[in-house]
>>> print(open('protein_28.pdb').read())   # PDB, C-alpha atoms (C1' of nucleotides)
MODEL        1
ATOM      1  CA  MET A 579      10.038 -38.800  -1.595
ATOM      2  CA  SER A 580      12.407 -38.213  -4.407
ATOM      3  CA  ASP A 581       9.975 -35.716  -5.903
ATOM      4  CA  ALA A 582      12.216 -32.765  -5.058
ATOM      5  CA  ILE A 583      12.603 -30.573  -8.111
ATOM      6  CA  PRO A 584      14.686 -27.482  -8.845
ATOM      7  CA  ILE A 585      13.159 -24.151  -9.775
ATOM      8  CA  GLY A 586      13.573 -24.643 -13.510
ATOM      9  CA  VAL A 587      11.498 -27.801 -13.516
ATOM     10  CA  LEU A 588       8.881 -26.166 -11.319
ATOM     11  CA  SER A 589       8.797 -23.380 -13.862
ATOM     12  CA  GLN A 590       8.186 -25.814 -16.732
ATOM     13  CA  LYS A 591       5.549 -27.768 -14.874
ATOM     14  CA  THR A 592       3.546 -24.665 -14.026
ATOM     15  CA  GLY A 593       4.273 -22.279 -16.865
ATOM     16  CA  VAL A 594       5.496 -19.641 -14.432
ATOM     17  CA  LYS A 595       8.857 -18.087 -15.242
ATOM     18  CA  VAL A 596      11.752 -18.633 -12.876
ATOM     19  CA  PRO A 597      12.187 -14.985 -11.835
ATOM     20  CA  THR A 598       8.458 -14.781 -11.259
ATOM     21  CA  ILE A 599       8.578 -17.750  -8.905
ATOM     22  CA  ARG A 600      11.311 -16.025  -6.939
ATOM     23  CA  TYR A 601       9.236 -12.871  -6.977
ATOM     24  CA  TYR A 602       6.240 -14.751  -5.568
ATOM     25  CA  GLU A 603       8.476 -16.062  -2.828
ATOM     26  CA  GLY A 604       9.623 -12.524  -2.060
ATOM     27  CA  VAL A 605       6.069 -11.215  -1.743
ATOM     28  CA  GLY A 606       4.983 -14.166   0.362
ATOM     29  CA  LEU A 607       2.787 -16.055  -2.093
ATOM     30  CA  MET A 608       5.146 -19.006  -2.162
ATOM     31  CA  PRO A 609       6.825 -20.226   1.032
ATOM     32  CA  GLU A 610      10.577 -20.379   1.229
ATOM     33  CA  PRO A 611      11.531 -23.816  -0.047
ATOM     34  CA  SER A 612      14.255 -26.060   1.281
ATOM     35  CA  ARG A 613      17.691 -25.776  -0.284
ATOM     36  CA  THR A 614      20.431 -28.066  -1.458
ATOM     37  CA  GLU A 615      23.882 -27.805   0.116
ATOM     38  CA  ALA A 616      24.756 -25.515  -2.740
ATOM     39  CA  ASN A 617      21.920 -23.182  -1.789
ATOM     40  CA  ARG A 618      19.606 -24.109  -4.640
ATOM     41  CA  ARG A 619      15.861 -24.162  -4.129
ATOM     42  CA  LEU A 620      14.185 -27.566  -3.955
ATOM     43  CA  TYR A 621      10.451 -27.915  -4.331
ATOM     44  CA  GLY A 622       8.003 -30.700  -3.592
ATOM     45  CA  ALA A 623       4.644 -31.556  -5.130
ATOM     46  CA  GLU A 624       2.693 -29.062  -2.961
ATOM     47  CA  ALA A 625       4.706 -26.257  -4.516
ATOM     48  CA  VAL A 626       3.516 -27.327  -7.963
ATOM     49  CA  ASP A 627      -0.109 -27.238  -6.835
ATOM     50  CA  ARG A 628       0.225 -23.949  -5.069
ATOM     51  CA  LEU A 629       1.975 -22.295  -7.966
ATOM     52  CA  ARG A 630      -0.648 -23.554 -10.409
ATOM     53  CA  PHE A 631      -3.312 -22.116  -8.162
ATOM     54  CA  ILE A 632      -1.514 -18.786  -8.211
ATOM     55  CA  ARG A 633      -1.163 -18.865 -11.972
ATOM     56  CA  HIS A 634      -4.826 -19.640 -12.513
ATOM     57  CA  ALA A 635      -5.843 -16.856 -10.190
ATOM     58  CA  ARG A 636      -3.522 -14.409 -11.925
ATOM     59  CA  GLU A 637      -4.907 -15.435 -15.287
ATOM     60  CA  LEU A 638      -8.333 -14.572 -13.942
ATOM     61  CA  GLY A 639      -6.978 -11.186 -12.958
ATOM     62  CA  PHE A 640      -6.950 -11.582  -9.184
ATOM     63  CA  GLU A 641      -4.481  -9.297  -7.480
ATOM     64  CA  VAL A 642      -1.605 -10.713  -5.504
ATOM     65  CA  ASP A 643      -3.194  -9.570  -2.285
ATOM     66  CA  ALA A 644      -6.469 -11.338  -3.083
ATOM     67  CA  ILE A 645      -4.563 -14.481  -3.998
ATOM     68  CA  ARG A 646      -2.814 -14.416  -0.650
ATOM     69  CA  GLN A 647      -6.204 -14.367   1.022
ATOM     70  CA  LEU A 648      -7.546 -17.138  -1.200
ATOM     71  CA  LEU A 649      -4.529 -19.312  -0.436
ATOM     72  CA  ASP A 650      -4.955 -18.746   3.271
ATOM     73  CA  LEU A 651      -8.615 -19.693   3.004
ATOM     74  CA  SER A 652      -7.918 -22.806   0.973
ATOM     75  CA  ASP A 653      -5.794 -24.027   3.864
ATOM     76  CA  GLU A 654      -8.895 -24.156   6.064
ATOM     77  CA  PRO A 655     -11.211 -26.563   4.252
ATOM     78  CA  GLU A 656     -13.685 -26.822   7.120
ATOM     79  CA  LYS A 657     -14.594 -23.165   7.132
ATOM     80  CA  SER A 658     -17.448 -21.623   5.213
ATOM     81  CA  CYS A 659     -16.503 -20.413   1.809
ATOM     82  CA  LYS A 660     -18.346 -17.135   2.188
ATOM     83  CA  ALA A 661     -15.104 -15.231   2.416
ATOM     84  CA  VAL A 662     -13.906 -16.858  -0.787
ATOM     85  CA  ASP A 663     -17.142 -15.896  -2.454
ATOM     86  CA  ALA A 664     -16.808 -12.333  -1.268
ATOM     87  CA  ILE A 665     -13.328 -12.003  -2.741
ATOM     88  CA  ALA A 666     -14.452 -13.411  -6.060
ATOM     89  CA  ARG A 667     -17.552 -11.222  -6.105
ATOM     90  CA  HIS A 668     -15.492  -8.163  -5.368
ATOM     91  CA  HIS A 669     -13.165  -9.086  -8.182
ATOM     92  CA  LEU A 670     -16.083  -9.593 -10.534
ATOM     93  CA  SER A 671     -17.423  -6.142  -9.790
ATOM     94  CA  GLU A 672     -13.955  -4.695 -10.370
ATOM     95  CA  ILE A 673     -13.816  -6.370 -13.750
ATOM     96  CA  ARG A 674     -17.260  -5.053 -14.595
ATOM     97  CA  SER A 675     -16.444  -1.502 -13.703
ATOM     98  CA  ARG A 676     -13.283  -1.655 -15.761
ATOM     99  CA  ILE A 677     -15.322  -2.930 -18.681
ATOM    100  CA  ALA A 678     -17.819  -0.116 -18.238
ATOM    101  CA  ARG A 679     -15.061   2.454 -18.190
ATOM    102  CA  LEU A 680     -13.434   1.012 -21.284
ATOM    103  CA  ARG A 681     -16.738   0.930 -23.100
ATOM    104  CA  ALA A 682     -17.253   4.593 -22.390
ATOM    105  CA  LEU A 683     -13.807   5.250 -23.827
ATOM    106  CA  GLU A 684     -14.593   3.079 -26.804
ATOM    107  CA  ARG A 685     -17.727   5.085 -27.556
ATOM    108  CA  GLU A 686     -15.944   8.397 -27.294
ATOM    109  CA  VAL A 687     -12.949   7.449 -29.404
ATOM    110  CA  GLN A 688     -15.222   5.830 -31.941
ATOM    111  CA  ARG A 689     -17.384   8.931 -32.207
ATOM    112  CA  MET A 690     -14.326  11.097 -32.588
ATOM    113  CA  LEU A 691     -13.085   8.940 -35.429
ATOM    114  CA  ALA A 692     -16.457   8.728 -37.115
ATOM    115  CA  GLU A 693     -16.706  12.492 -37.275
ATOM    116  CA  CYS A 694     -13.334  12.968 -38.877
ATOM    117  CA  ALA A 695     -13.537  13.492 -42.624
ATOM    118  CA  CYS A 696      -9.824  12.848 -42.743
ATOM    119  CA  GLY A 697      -8.700  15.966 -44.522
ATOM    120  CA  ARG A 698      -6.157  18.369 -43.081
ATOM    121  CA  ILE A 699      -5.150  18.377 -39.473
ATOM    122  CA  SER A 700      -6.535  21.886 -39.103
ATOM    123  CA  GLU A 701     -10.004  20.446 -39.707
ATOM    124  CA  CYS A 702      -9.398  17.167 -37.919
ATOM    125  CA  ARG A 703     -12.128  16.247 -35.493
ATOM    126  CA  VAL A 704      -9.795  14.089 -33.481
ATOM    127  CA  ILE A 705      -7.454  16.953 -32.749
ATOM    128  CA  ASP A 706     -10.417  19.252 -32.274
ATOM    129  CA  VAL A 707     -12.081  17.047 -29.713
ATOM    130  CA  LEU A 708      -8.876  16.636 -27.782
ATOM    131  CA  SER A 709      -8.328  20.379 -27.850
ATOM    132  CA  HIS A 710     -11.768  21.358 -26.664
ATOM    133  CA  LYS A 711     -13.688  18.330 -25.467
ATOM    134  CA  HIS A 712     -17.163  19.811 -25.375
ATOM    135  CA  TYR A 713     -18.816  16.739 -23.991
ATOM    136  CA  ILE A 714     -17.451  15.033 -20.942
ATOM    137  CA  HIS A 715     -18.867  11.865 -19.496
ATOM    138  CA  HIS A 716     -17.696  10.996 -16.031
ATOM    139  CA  ASP A 717     -18.831   7.587 -15.007
ATOM    140  CA  LYS A 718     -19.469   7.395 -11.305
TER     141      LYS A 718
ATOM    142  CA  MET B 175       1.030  39.852 -21.976
ATOM    143  CA  SER B 176       0.395  39.777 -18.307
ATOM    144  CA  ASP B 177      -1.126  36.323 -18.708
ATOM    145  CA  ALA B 178       1.846  34.646 -17.062
ATOM    146  CA  ILE B 179       0.623  32.256 -14.407
ATOM    147  CA  PRO B 180       2.371  30.054 -11.828
ATOM    148  CA  ILE B 181       2.069  26.310 -11.771
ATOM    149  CA  GLY B 182      -0.647  26.223  -9.125
ATOM    150  CA  VAL B 183      -2.982  28.342 -11.232
ATOM    151  CA  LEU B 184      -2.209  26.270 -14.301
ATOM    152  CA  SER B 185      -3.102  23.247 -12.226
ATOM    153  CA  GLN B 186      -6.469  24.725 -11.241
ATOM    154  CA  LYS B 187      -7.303  25.873 -14.757
ATOM    155  CA  THR B 188      -6.650  22.450 -16.233
ATOM    156  CA  GLY B 189      -7.444  20.031 -13.446
ATOM    157  CA  VAL B 190      -3.982  18.518 -13.651
ATOM    158  CA  LYS B 191      -2.133  18.206 -10.362
ATOM    159  CA  VAL B 192       1.037  20.196  -9.848
ATOM    160  CA  PRO B 193       3.413  17.213  -9.550
ATOM    161  CA  THR B 194       1.827  15.734 -12.652
ATOM    162  CA  ILE B 195       2.539  18.906 -14.613
ATOM    163  CA  ARG B 196       6.166  18.700 -13.563
ATOM    164  CA  TYR B 197       6.142  15.036 -14.512
ATOM    165  CA  TYR B 198       4.806  15.899 -17.978
ATOM    166  CA  GLU B 199       7.609  18.401 -18.317
ATOM    167  CA  GLY B 200      10.118  15.737 -17.372
ATOM    168  CA  VAL B 201       8.847  13.298 -19.991
ATOM    169  CA  GLY B 202       8.711  15.966 -22.670
ATOM    170  CA  LEU B 203       4.958  16.438 -23.046
ATOM    171  CA  MET B 204       5.134  19.986 -21.738
ATOM    172  CA  PRO B 205       7.989  22.270 -22.779
ATOM    173  CA  GLU B 206      10.184  23.844 -20.133
ATOM    174  CA  PRO B 207       8.491  27.099 -19.193
ATOM    175  CA  SER B 208      10.178  30.393 -18.438
ATOM    176  CA  ARG B 209      11.025  31.130 -14.834
ATOM    177  CA  THR B 210      10.829  34.031 -12.430
ATOM    178  CA  GLU B 211      14.022  35.349 -10.832
ATOM    179  CA  ALA B 212      13.186  33.082  -7.912
ATOM    180  CA  ASN B 213      13.226  30.076 -10.251
ATOM    181  CA  ARG B 214       9.472  29.557 -10.284
ATOM    182  CA  ARG B 215       7.757  28.303 -13.411
ATOM    183  CA  LEU B 216       5.695  30.819 -15.372
ATOM    184  CA  TYR B 217       3.196  29.684 -17.963
ATOM    185  CA  GLY B 218       1.333  31.454 -20.755
ATOM    186  CA  ALA B 219      -1.996  30.725 -22.399
ATOM    187  CA  GLU B 220      -0.555  28.116 -24.802
ATOM    188  CA  ALA B 221       0.459  26.029 -21.822
ATOM    189  CA  VAL B 222      -3.152  25.946 -20.649
ATOM    190  CA  ASP B 223      -4.324  24.736 -24.062
ATOM    191  CA  ARG B 224      -1.601  22.165 -24.377
ATOM    192  CA  LEU B 225      -2.157  20.785 -20.913
ATOM    193  CA  ARG B 226      -5.900  20.540 -21.491
ATOM    194  CA  PHE B 227      -5.206  18.645 -24.682
ATOM    195  CA  ILE B 228      -3.005  16.257 -22.735
ATOM    196  CA  ARG B 229      -5.600  15.786 -20.049
ATOM    197  CA  HIS B 230      -8.358  15.053 -22.532
ATOM    198  CA  ALA B 231      -6.180  12.548 -24.323
ATOM    199  CA  ARG B 232      -5.234  10.862 -21.037
ATOM    200  CA  GLU B 233      -8.890  10.694 -20.060
ATOM    201  CA  LEU B 234      -9.498   8.880 -23.302
ATOM    202  CA  GLY B 235      -6.751   6.469 -22.361
ATOM    203  CA  PHE B 236      -4.110   7.510 -24.870
ATOM    204  CA  GLU B 237      -0.599   6.644 -23.758
ATOM    205  CA  VAL B 238       1.940   9.359 -23.166
ATOM    206  CA  ASP B 239       3.844   8.297 -26.238
ATOM    207  CA  ALA B 240       0.754   8.550 -28.449
ATOM    208  CA  ILE B 241      -0.010  11.964 -26.995
ATOM    209  CA  ARG B 242       3.474  13.149 -27.861
ATOM    210  CA  GLN B 243       2.803  12.145 -31.455
ATOM    211  CA  LEU B 244      -0.628  13.774 -31.477
ATOM    212  CA  LEU B 245       0.824  16.996 -30.125
ATOM    213  CA  ASP B 246       3.533  16.993 -32.773
ATOM    214  CA  LEU B 247       0.923  16.433 -35.456
ATOM    215  CA  SER B 248      -1.359  19.163 -34.162
ATOM    216  CA  ASP B 249       1.505  21.586 -34.731
ATOM    217  CA  GLU B 250       1.327  20.922 -38.469
ATOM    218  CA  PRO B 251      -2.209  21.946 -39.401
ATOM    219  CA  GLU B 252      -1.587  21.764 -43.147
ATOM    220  CA  LYS B 253      -0.718  18.112 -43.182
ATOM    221  CA  SER B 254      -3.154  15.305 -43.752
ATOM    222  CA  CYS B 255      -4.702  13.954 -40.621
ATOM    223  CA  LYS B 256      -4.239  10.372 -41.676
ATOM    224  CA  ALA B 257      -1.516   9.873 -39.096
ATOM    225  CA  VAL B 258      -3.817  11.241 -36.410
ATOM    226  CA  ASP B 259      -6.504   8.859 -37.526
ATOM    227  CA  ALA B 260      -4.115   5.951 -37.448
ATOM    228  CA  ILE B 261      -3.126   6.684 -33.865
ATOM    229  CA  ALA B 262      -6.734   6.957 -32.773
ATOM    230  CA  ARG B 263      -7.707   3.813 -34.637
ATOM    231  CA  HIS B 264      -4.857   1.914 -33.069
ATOM    232  CA  HIS B 265      -5.950   3.121 -29.686
ATOM    233  CA  LEU B 266      -9.506   2.072 -30.385
ATOM    234  CA  SER B 267      -8.439  -1.432 -31.255
ATOM    235  CA  GLU B 268      -6.378  -1.568 -28.079
ATOM    236  CA  ILE B 269      -9.411  -0.578 -26.059
ATOM    237  CA  ARG B 270     -11.471  -3.205 -27.788
ATOM    238  CA  SER B 271      -9.042  -5.994 -27.172
ATOM    239  CA  ARG B 272      -8.825  -5.011 -23.529
ATOM    240  CA  ILE B 273     -12.601  -5.140 -23.341
ATOM    241  CA  ALA B 274     -12.638  -8.560 -24.967
ATOM    242  CA  ARG B 275     -10.077  -9.856 -22.523
ATOM    243  CA  LEU B 276     -11.985  -8.479 -19.547
ATOM    244  CA  ARG B 277     -15.231  -9.966 -20.795
ATOM    245  CA  ALA B 278     -13.628 -13.370 -21.008
ATOM    246  CA  LEU B 279     -12.488 -12.933 -17.422
ATOM    247  CA  GLU B 280     -15.940 -11.760 -16.424
ATOM    248  CA  ARG B 281     -17.527 -14.881 -17.884
ATOM    249  CA  GLU B 282     -15.093 -17.216 -16.161
ATOM    250  CA  VAL B 283     -15.304 -15.599 -12.756
ATOM    251  CA  GLN B 284     -19.051 -15.410 -13.050
ATOM    252  CA  ARG B 285     -19.325 -19.079 -13.918
ATOM    253  CA  MET B 286     -17.055 -19.986 -11.035
ATOM    254  CA  LEU B 287     -19.261 -18.042  -8.661
ATOM    255  CA  ALA B 288     -22.479 -19.408 -10.087
ATOM    256  CA  GLU B 289     -21.339 -22.962  -9.485
ATOM    257  CA  CYS B 290     -20.431 -22.411  -5.871
ATOM    258  CA  ALA B 291     -23.084 -23.638  -3.469
ATOM    259  CA  CYS B 292     -21.322 -21.657  -0.778
ATOM    260  CA  GLY B 293     -20.857 -24.431   1.735
ATOM    261  CA  ARG B 294     -17.487 -25.414   3.107
ATOM    262  CA  ILE B 295     -14.245 -24.407   1.503
ATOM    263  CA  SER B 296     -13.458 -28.054   0.863
ATOM    264  CA  GLU B 297     -16.392 -28.145  -1.568
ATOM    265  CA  CYS B 298     -15.971 -24.614  -2.863
ATOM    266  CA  ARG B 299     -16.054 -24.373  -6.620
ATOM    267  CA  VAL B 300     -14.042 -21.180  -6.616
ATOM    268  CA  ILE B 301     -11.130 -22.810  -4.845
ATOM    269  CA  ASP B 302     -11.594 -25.924  -6.927
ATOM    270  CA  VAL B 303     -11.464 -24.099 -10.231
ATOM    271  CA  LEU B 304      -8.387 -22.185  -9.190
ATOM    272  CA  SER B 305      -6.739 -25.403  -8.075
ATOM    273  CA  HIS B 306      -7.439 -27.380 -11.202
ATOM    274  CA  LYS B 307      -8.776 -25.128 -13.920
ATOM    275  CA  HIS B 308     -10.119 -27.740 -16.299
ATOM    276  CA  TYR B 309     -11.201 -25.331 -18.939
ATOM    277  CA  ILE B 310      -8.815 -22.751 -20.240
ATOM    278  CA  HIS B 311      -9.783 -20.116 -22.755
ATOM    279  CA  HIS B 312      -6.931 -18.226 -24.261
ATOM    280  CA  ASP B 313      -8.134 -15.352 -26.364
ATOM    281  CA  LYS B 314      -5.326 -14.681 -28.759
TER     282      LYS B 314
ATOM    283  C1'  DC C 547      40.738 -34.194 -16.454
ATOM    284  C1'  DG C 548      39.383 -29.997 -18.654
ATOM    285  C1'  DT C 549      36.069 -27.216 -20.786
ATOM    286  C1'  DA C 550      31.864 -25.674 -22.542
ATOM    287  C1'  DC C 551      27.311 -24.606 -21.559
ATOM    288  C1'  DA C 552      23.131 -24.747 -18.775
ATOM    289  C1'  DT C 553      21.175 -23.699 -14.581
ATOM    290  C1'  DC C 554      21.174 -21.656 -10.535
ATOM    291  C1'  DC C 555      22.195 -17.784  -7.026
ATOM    292  C1'  DT C 556      21.647 -12.630  -5.329
ATOM    293  C1'  DC C 557      21.098  -7.994  -6.201
ATOM    294  C1'  DT C 558      19.705  -3.902  -8.625
ATOM    295  C1'  DA C 559      17.139  -1.288 -11.929
ATOM    296  C1'  DG C 560      13.468  -0.547 -15.186
ATOM    297  C1'  DC C 561       8.576  -0.468 -17.173
ATOM    298  C1'  DG C 562       4.038   3.379 -17.035
ATOM    299  C1'  DG C 563       2.038   7.058 -15.083
ATOM    300  C1'  DC C 564       1.962   8.993 -11.735
ATOM    301  C1'  DT C 565       1.838  10.105  -6.249
ATOM    302  C1'  DA C 566       3.846  11.109  -1.726
ATOM    303  C1'  DG C 567       7.084  12.994   1.111
ATOM    304  C1'  DA C 568      11.484  15.230   2.699
ATOM    305  C1'  DG C 569      13.694  19.391   3.261
ATOM    306  C1'  DG C 570      14.196  23.923   1.929
ATOM    307  C1'  DA C 571      13.298  28.816  -0.263
ATOM    308  C1'  DG C 572      10.172  32.622  -1.200
ATOM    309  C1'  DC C 573       6.125  35.540  -0.778
ATOM    310  C1'  DA C 574       1.781  37.872   0.931
ATOM    311  C1'  DA C 575      -1.054  39.133   4.779
ATOM    312  C1'  DG C 576      -1.850  40.287   9.552
TER     313       DG C 576
ATOM    314  C1'  DC D 562       8.031  39.260  12.180
ATOM    315  C1'  DT D 563       5.798  35.379  11.993
ATOM    316  C1'  DT D 564       2.372  32.345  10.090
ATOM    317  C1'  DG D 565       1.008  29.774   6.372
ATOM    318  C1'  DC D 566       0.825  29.118   1.670
ATOM    319  C1'  DT D 567       3.063  28.151  -2.676
ATOM    320  C1'  DC D 568       6.865  26.844  -4.872
ATOM    321  C1'  DC D 569      11.488  24.360  -5.681
ATOM    322  C1'  DT D 570      14.354  19.758  -6.229
ATOM    323  C1'  DC D 571      15.143  15.152  -5.243
ATOM    324  C1'  DT D 572      14.083  10.508  -3.945
ATOM    325  C1'  DA D 573      11.191   6.607  -3.272
ATOM    326  C1'  DG D 574       6.994   4.032  -3.731
ATOM    327  C1'  DC D 575       2.933   1.857  -6.192
ATOM    328  C1'  DC D 576       1.891  -3.003  -9.168
ATOM    329  C1'  DG D 577       3.540  -7.268 -11.120
ATOM    330  C1'  DC D 578       6.683  -8.437 -13.004
ATOM    331  C1'  DT D 579      11.111  -8.515 -16.381
ATOM    332  C1'  DA D 580      15.949  -7.904 -17.614
ATOM    333  C1'  DG D 581      20.532  -7.853 -16.672
ATOM    334  C1'  DA D 582      25.026  -7.980 -14.023
ATOM    335  C1'  DG D 583      28.217 -10.854 -12.000
ATOM    336  C1'  DG D 584      29.160 -15.040  -9.870
ATOM    337  C1'  DA D 585      28.763 -20.144  -8.245
ATOM    338  C1'  DT D 586      27.532 -24.749  -9.366
ATOM    339  C1'  DG D 587      26.070 -28.790 -12.190
ATOM    340  C1'  DT D 588      26.201 -31.822 -16.236
ATOM    341  C1'  DA D 589      27.806 -33.734 -20.631
ATOM    342  C1'  DC D 590      31.309 -34.676 -23.691
ATOM    343  C1'  DG D 591      36.034 -35.301 -25.564
TER     344       DG D 591
ENDMDL
END
>>> encode(input="protein_28.pdb", output="structure tokens")
Amino acid sequence: MSDAIPIGVLSQKTGVKVPTIRYYEGVGLMPEPSRTEANRRLYGAEAVDRLRFIRHARELGFEVDAIRQLLDLSDEPEKSCKAVDAIARHHLSEIRSRIARLRALEREVQRMLAECACGRISECRVIDVLSHKHYIHHDK
Amino acid sequence: MSDAIPIGVLSQKTGVKVPTIRYYEGVGLMPEPSRTEANRRLYGAEAVDRLRFIRHARELGFEVDAIRQLLDLSDEPEKSCKAVDAIARHHLSEIRSRIARLRALEREVQRMLAECACGRISECRVIDVLSHKHYIHHDK
DNA sequence: CGTACATCCTCTAGCGGCTAGAGGAGCAAG
DNA sequence: CTTGCTCCTCTAGCCGCTAGAGGATGTACG
């Protein structure tokens, strides 16, 4: 097994920056790798897979804590994947509520802008709305 | 002018928590107020207006830096409100790109979930996608 | 063999926008 | 006078990194 690679190569193979890899190690997403005599990290092929998994999950917006759980679950292939499903479903509903919130903001900012005739600041609807905010929508 | 109020009352009137008011002072959104002999902050009516303005803008998702600019602009009522408009428009496009990004995530997570037959983890599509991620959409 | 430059190491601090808590002073009511 | 509230300042923590200091090691070339 001469597949031992240093952190820089792992970084290139996975698209995860070197300090980020070390950060993941610090927060327990990546296990502590073996070291050379000169104290440099040496990774094997499993590290590449694991780190790619982490990157994909991060790209999909999963939090570090959720990823930890997903990684733990993926180490038990015989178990039911209900727990995995639950994590993903929870994440999906988080995404949806963030979208809903942003859409409410979008509507309000858009309305504010639409009403502004763009004359002087003293007549500006944007400033006016921010000053007085007659209508307030609170989602949830 | 016996309208001088302490920070707790200002907090109640505006719905902004006391530490947050002090934070806003620290980052220059709120000016340093006068003090009592015992070194306690004393606010006037302008502070209430200004803090409400800040709260409304924060509720609409404006960043502290943008709010600083909006506040500066609102102090010059004779000027054109084009700059105000530009800030709001920029913010709107930020909101929209965040929505777009989240919707892309929503679609991917949703698809992942839809494909999972929810059997064993070894066959789980969620874990599989995260491990291999065949399809990658990068929106800008 | 030296020397330049890349890569690695650890450690600390910063981003935004707060929030929480320590540890203390002051003030109003019973 | 003591209880309990508000207020003060200061520091540290949240998330998920990112940047930089300051140093050791590795590699390539003359």
>>> resolve_selection(input="protein_28.pdb", expression="the PyMOL selection byres ((chain C) within 10 of (chain A))", output="number ranges by chain")
C: 553-555
>>> resolve_selection(input="protein_28.pdb", expression="the PyMOL selection byres ((chain B) within 9 of (chain A))", output="VMD selection string")
chain B and resid 223 to 224 226 to 231 233 to 235 244 to 245 247 to 256 258 to 259 262 to 263 265 to 267 269 to 270 272 to 274 276 to 280 282 to 284 286 to 287 290 292 to 298 300 to 301 303 to 307
>>> resolve_selection(input="protein_28.pdb", expression="the PyMOL selection byres ((chain D) within 10 of (chain A))", output="MDAnalysis selection string")
chainID D and resid 576:580 585:586
>>> atom_distance(input="protein_28.pdb", atom1="atom CA of Leu620 of chain A", atom2="atom CA of Ile583 of chain A")
5.4 Å
>>> atom_distance(input="protein_28.pdb", atom1="atom CA of Tyr621 of chain A", atom2="atom CA of Ala582 of chain A")
5.2 Å
>>> atom_distance(input="protein_28.pdb", atom1="atom C1' of DT556 of chain C", atom2="atom C1' of DA589 of chain D")
26.8 Å
>>> residues_around(input="protein_28.pdb", residues="DC573 of chain C", least_positions_apart="2", cutoff="10 Å", atoms="only C-alpha atoms (C1' of nucleotides)", output="count of residues only")
5
>>> axis_aligned_box(input="protein_28.pdb", around="segment 572-576 of chain D", padding_each_side="4 Å", output="lines of an AutoDock Vina configuration file")
center_x = 8.0
center_y = 3.8
center_z = -6.2
size_x = 20.2
size_y = 21.5
size_z = 13.9
>>> residues_around(input="protein_28.pdb", residues="DG567 of chain C", least_positions_apart="6", cutoff="12 Å", atoms="all atoms listed in the file", output="PyMOL selection string")
chain D and resi 571-574
>>> decode(input="protein_28.pdb", residues="segment 176-198 of chain B", atoms="C-alpha atoms", output="short mmCIF file (atom, residue, chain, number, x, y, z; two decimals), in the first residue's frame")
data_model
loop_
_atom_site.label_atom_id
_atom_site.label_comp_id
_atom_site.auth_asym_id
_atom_site.auth_seq_id
_atom_site.Cartn_x
_atom_site.Cartn_y
_atom_site.Cartn_z
CA SER B 176 -37.79 64.89 30.12
CA ASP B 177 -37.91 62.22 27.43
CA ALA B 178 -34.57 60.78 28.48
CA ILE B 179 -34.87 57.04 28.85
CA PRO B 180 -32.49 54.30 30.01
CA ILE B 181 -31.38 51.46 27.81
CA GLY B 182 -33.92 48.98 29.14
CA VAL B 183 -36.83 51.20 28.14
CA LEU B 184 -35.28 51.85 24.76
CA SER B 185 -35.03 48.10 24.39
CA GLN B 186 -38.72 47.62 25.17
CA LYS B 187 -39.85 50.44 22.90
CA THR B 188 -37.94 49.07 19.93
CA GLY B 189 -37.83 45.34 20.50
CA VAL B 190 -34.05 45.32 20.33
CA LYS B 191 -32.29 43.53 23.16
CA VAL B 192 -30.10 45.53 25.51
CA PRO B 193 -26.80 43.83 24.61
CA THR B 194 -27.65 44.28 20.94
CA ILE B 195 -28.13 48.01 21.44
CA ARG B 196 -24.71 48.20 23.04
CA TYR B 197 -23.34 46.13 20.18
CA TYR B 198 -24.83 48.58 17.65
#
